[in-house]
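Take a look at the structure set out below.
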Amino acid sequence: MYKRVVAMVDQNLDMVEIVEEHPCPNGSEWIIYQYKKTSPLILSAWREGNKHHFVTKIGKRELNLIPSYAAAGIEEVSVKEDKVFITYSGLAGAGVGAMLRKGAENVIDVEILEEGGGSRLGRSRVITPRMEKIIIGIDDTDTKEKGATWVLAHEIGLEVEKEGYGYYLDHTIVQLYPGNPDKTQNCVSIALSFAIKPEYKYKIERFVKKLLEEKTLSDNTAMAVYYGLFPSKSMRLFSLKAKKEMVSLEEAKRVALINNISLHKITGEKGIIGAVAALGLAEYHCIAPKLYEDVEKIIREKRII
């Protein structure tokens, strides 16, 4: 059985990000490959450990299923009030997979539309609560004597999930400019990603702020909060610049303003720079932890910025 299925909606973009925790981590590579090839609705798909992610358009597209070549996919994603409906379709064993989502955490129900198995077509609809995505950047919580921002951020992520505000999806360590004279040591900031219940949209912001106020050891702690599936291009470019060289507080505030990023000075303003920089690469795990000189080639080859 799948452990968990989460669907985060961005109504402005008319898109949904689906995150599924698969029981067979490497077996899910087949699903990523087939779904992405077969489904016109899927804009991107990738795997991280036992989680696979699908970013889809909202709508319906007929699938041209062909054994081996296009064996399974997502044919419809719809949002109705507080629920998301995802229709899966597949040939043979691929048509049975949706049943493994029944009973997974956060799944309301699974409806069998056509029973698959053997050589038959299978179609099922998975129903989940409608959720949204929030990314929180955190920086400068430690001192040269004690503390570690990445550890404190992880503890906060666990507390958010324990409180029931939503699911702690990810913890990204973002390497910033190592020549920064104000760094504690390694010069990194942290981005935490959550799937949240809409009714807790702003409570989580206050909750994380309170935890930072209680636990930080630094006089320059800050956090930055972004609501949306993906960082914008201006956010990504700012993060890359913060890897390459010193950036100003004014630049960070300008990026925050044009992207509706909420800034919180916990104990001081210096942490705002790193907190905003963490947001831009929260979803780019292949380059977030690397030094700038090591990411230039990746950027050129993959054209991700």
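By order of appearance in the structure tokens: chains A, B, ..., then residues from 1 within every chain, and ligands from 1 in the order shown.
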DSSP strand (DSSP E or B) residues within region 48-206 of chain A, as a PyMOL selection string: chain A and resi 48+51-57+59-60+66+70+72-80+83-91+105+109-114+117+120-139+166-175+188-196
All residues 7 Å or closer to Val6 (chain A), only C-alpha atoms, same chain fewer than 3 positions away omitted, as a count of residues only: 5
Within 10 Å of Ile204 (chain A) using only C-alpha atoms, minus same-chain residues under 2 positions, as an MDAnalysis selection string: chainID A and resid 134 136 160:161 163:166 194 196:197 199:202 206:210
Which residue of A:Tyr177, A:Tyr167, A:Tyr33, A:Tyr292 approaches Lys133 (chain A) most closely, using only C-alpha atoms: A:Tyr167
d(CA of Asp170 (chain A), CA of Gly103 (chain A)) in Å: 23.0 Å
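Restricting the calculation to only C-alpha atoms, the smallest distance between Pro198 (chain A) and any of A:His171, A:Glu81, A:Cys286, A:Asn220 is found for A:Glu81.
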Who sits within 12 Å of Val255 (chain A), only C-alpha atoms, same chain under 5 positions skipped, as a VMD selection string: chain A and resid 224 226 231 to 239 247 to 250 260 to 263 272 to 273 275 to 277 279 to 280
Resulting file, chosen residues, N, CA, C and O atoms, as a short mmCIF file (atom, residue, chain, number, x, y, z; two decimals), in the first residue's frame:
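See part10.cif below for the written result:
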```cif
data_model
loop_
_atom_site.label_atom_id
_atom_site.label_comp_id
_atom_site.auth_asym_id
_atom_site.auth_seq_id
_atom_site.Cartn_x
_atom_site.Cartn_y
_atom_site.Cartn_z
N ALA A 224 11.31 33.76 5.84
CA ALA A 224 10.59 34.26 4.66
C ALA A 224 9.60 33.20 4.23
O ALA A 224 9.93 32.01 4.22
N TYR A 226 6.65 31.79 1.43
CA TYR A 226 6.14 31.87 0.06
C TYR A 226 5.04 30.84 -0.13
O TYR A 226 5.21 29.66 0.19
N PRO A 231 8.97 28.34 -6.94
CA PRO A 231 9.56 29.68 -6.90
C PRO A 231 9.57 30.29 -8.29
O PRO A 231 9.70 29.59 -9.29
N SER A 232 9.44 31.60 -8.36
CA SER A 232 9.46 32.31 -9.64
C SER A 232 10.89 32.43 -10.17
O SER A 232 11.87 32.15 -9.46
N LYS A 233 11.01 32.86 -11.42
CA LYS A 233 12.34 33.02 -12.01
C LYS A 233 13.15 34.07 -11.27
O LYS A 233 14.36 33.90 -11.05
N SER A 234 12.51 35.17 -10.86
CA SER A 234 13.26 36.21 -10.14
C SER A 234 13.77 35.69 -8.80
O SER A 234 14.86 36.07 -8.35
N MET A 235 13.02 34.80 -8.16
CA MET A 235 13.48 34.19 -6.91
C MET A 235 14.68 33.28 -7.16
O MET A 235 15.66 33.29 -6.40
N ARG A 236 14.61 32.49 -8.23
CA ARG A 236 15.71 31.58 -8.55
C ARG A 236 16.98 32.35 -8.88
O ARG A 236 18.08 31.99 -8.44
N LEU A 237 16.85 33.42 -9.66
CA LEU A 237 18.01 34.21 -10.03
C LEU A 237 18.64 34.88 -8.81
O LEU A 237 19.88 34.97 -8.70
N PHE A 238 17.82 35.33 -7.89
CA PHE A 238 18.36 35.93 -6.66
C PHE A 238 19.12 34.89 -5.86
O PHE A 238 20.21 35.17 -5.33
N SER A 239 18.59 33.68 -5.77
CA SER A 239 19.27 32.62 -5.01
C SER A 239 20.62 32.28 -5.63
O SER A 239 21.61 32.07 -4.92
N VAL A 247 25.06 39.74 -1.56
CA VAL A 247 23.87 40.46 -2.00
C VAL A 247 23.38 41.33 -0.84
O VAL A 247 23.68 41.06 0.33
N SER A 248 22.63 42.34 -1.16
CA SER A 248 22.21 43.30 -0.13
C SER A 248 20.84 42.95 0.44
O SER A 248 20.04 42.24 -0.18
N LEU A 249 20.59 43.49 1.60
CA LEU A 249 19.29 43.35 2.24
C LEU A 249 18.20 43.99 1.39
O LEU A 249 17.09 43.47 1.27
N GLU A 250 18.55 45.10 0.74
CA GLU A 250 17.58 45.79 -0.12
C GLU A 250 17.17 44.92 -1.31
O GLU A 250 16.01 44.89 -1.70
N ASN A 260 5.35 38.55 -3.45
CA ASN A 260 4.41 38.37 -2.33
C ASN A 260 4.97 37.45 -1.25
O ASN A 260 4.25 36.62 -0.68
N ILE A 261 6.26 37.58 -0.98
CA ILE A 261 6.91 36.81 0.08
C ILE A 261 6.76 37.57 1.38
O ILE A 261 7.05 38.77 1.47
N SER A 262 6.29 36.88 2.39
CA SER A 262 6.11 37.49 3.71
C SER A 262 7.42 37.38 4.49
O SER A 262 7.97 36.29 4.64
N LEU A 263 7.93 38.51 4.98
CA LEU A 263 9.19 38.54 5.73
C LEU A 263 8.93 38.71 7.22
O LEU A 263 8.06 39.49 7.62
N ILE A 272 17.28 37.83 6.82
CA ILE A 272 16.33 37.94 5.72
C ILE A 272 16.97 37.56 4.39
O ILE A 272 16.34 36.90 3.55
N ILE A 273 18.22 37.93 4.19
CA ILE A 273 18.90 37.65 2.91
C ILE A 273 18.94 36.14 2.66
O ILE A 273 18.51 35.66 1.61
N ALA A 275 17.22 33.79 4.16
CA ALA A 275 15.88 33.19 4.17
C ALA A 275 15.21 33.31 2.81
O ALA A 275 14.60 32.36 2.30
N VAL A 276 15.33 34.49 2.18
CA VAL A 276 14.76 34.68 0.84
C VAL A 276 15.53 33.84 -0.18
O VAL A 276 14.94 33.23 -1.08
N ALA A 277 16.86 33.79 -0.05
CA ALA A 277 17.68 33.01 -0.98
C ALA A 277 17.34 31.53 -0.91
O ALA A 277 17.40 30.82 -1.92
N LEU A 279 14.44 30.19 -0.50
CA LEU A 279 13.17 29.91 -1.19
C LEU A 279 13.37 29.62 -2.67
O LEU A 279 12.73 28.74 -3.23
N GLY A 280 14.26 30.35 -3.32
CA GLY A 280 14.40 30.25 -4.77
C GLY A 280 14.87 28.89 -5.26
O GLY A 280 14.59 28.51 -6.39
#
```
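Those residues of region 106-203 of chain A that DSSP, working from the backbone, places in alpha helix (DSSP H) are Thr149, Trp150, Val151, Leu152, Ala153, His154, Glu155, Ile156, Gly157, Leu158, Glu159, Val160, Glu161, Lys162, Glu163 and Lys203 of chain A.
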Spatial neighbours of Pro23 (chain A), 10 Å, only C-alpha atoms, chain gap at least 4 places, as a VMD selection string: chain A and resid 1 to 4 27 to 28 50 to 51 100 to 101
Residue among A:Gly73, A:Ile86, A:Pro129, A:Leu281 lying closest to Val110 (chain A), counting only C-alpha atoms: A:Ile86
Neighbour list for Asp140 (chain A) as a compact mmCIF listing (two decimals) with C-alpha atoms, in the first residue's frame, cut-off 9 Å, only C-alpha atoms, skip fewer than 6 positions in-chain:
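So the final result, stored in selection_36.txt, reads:
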```
# COMPACT_ATOMS: atom_id res chain seq x y z
CA ALA A 148 22.81 24.44 13.77
CA THR A 149 20.17 26.06 11.57
CA LYS A 183 28.79 33.56 8.12
CA THR A 184 28.80 31.26 11.11
CA VAL A 188 23.88 27.74 4.29
CA SER A 189 20.21 28.56 4.74
CA THR A 216 16.95 30.62 18.12
CA LEU A 217 20.39 31.39 19.53
CA SER A 218 21.20 34.27 17.17
CA ASP A 219 20.47 37.99 17.18
CA ASN A 220 19.90 38.00 13.40
CA THR A 221 17.29 35.28 12.84
CA ALA A 222 14.68 35.78 10.11
CA LYS A 270 20.46 40.04 8.51
CA GLY A 271 18.83 36.62 8.27
CA ILE A 272 16.33 37.94 5.72
CA GLY A 274 19.53 33.93 3.46
CA ALA A 275 15.88 33.19 4.17
```
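Counting only C-alpha atoms, the residue from A:Asp142, A:Lys80, A:Ala252, A:Gly137 that sits nearest to Gly157 (chain A) is A:Gly137.
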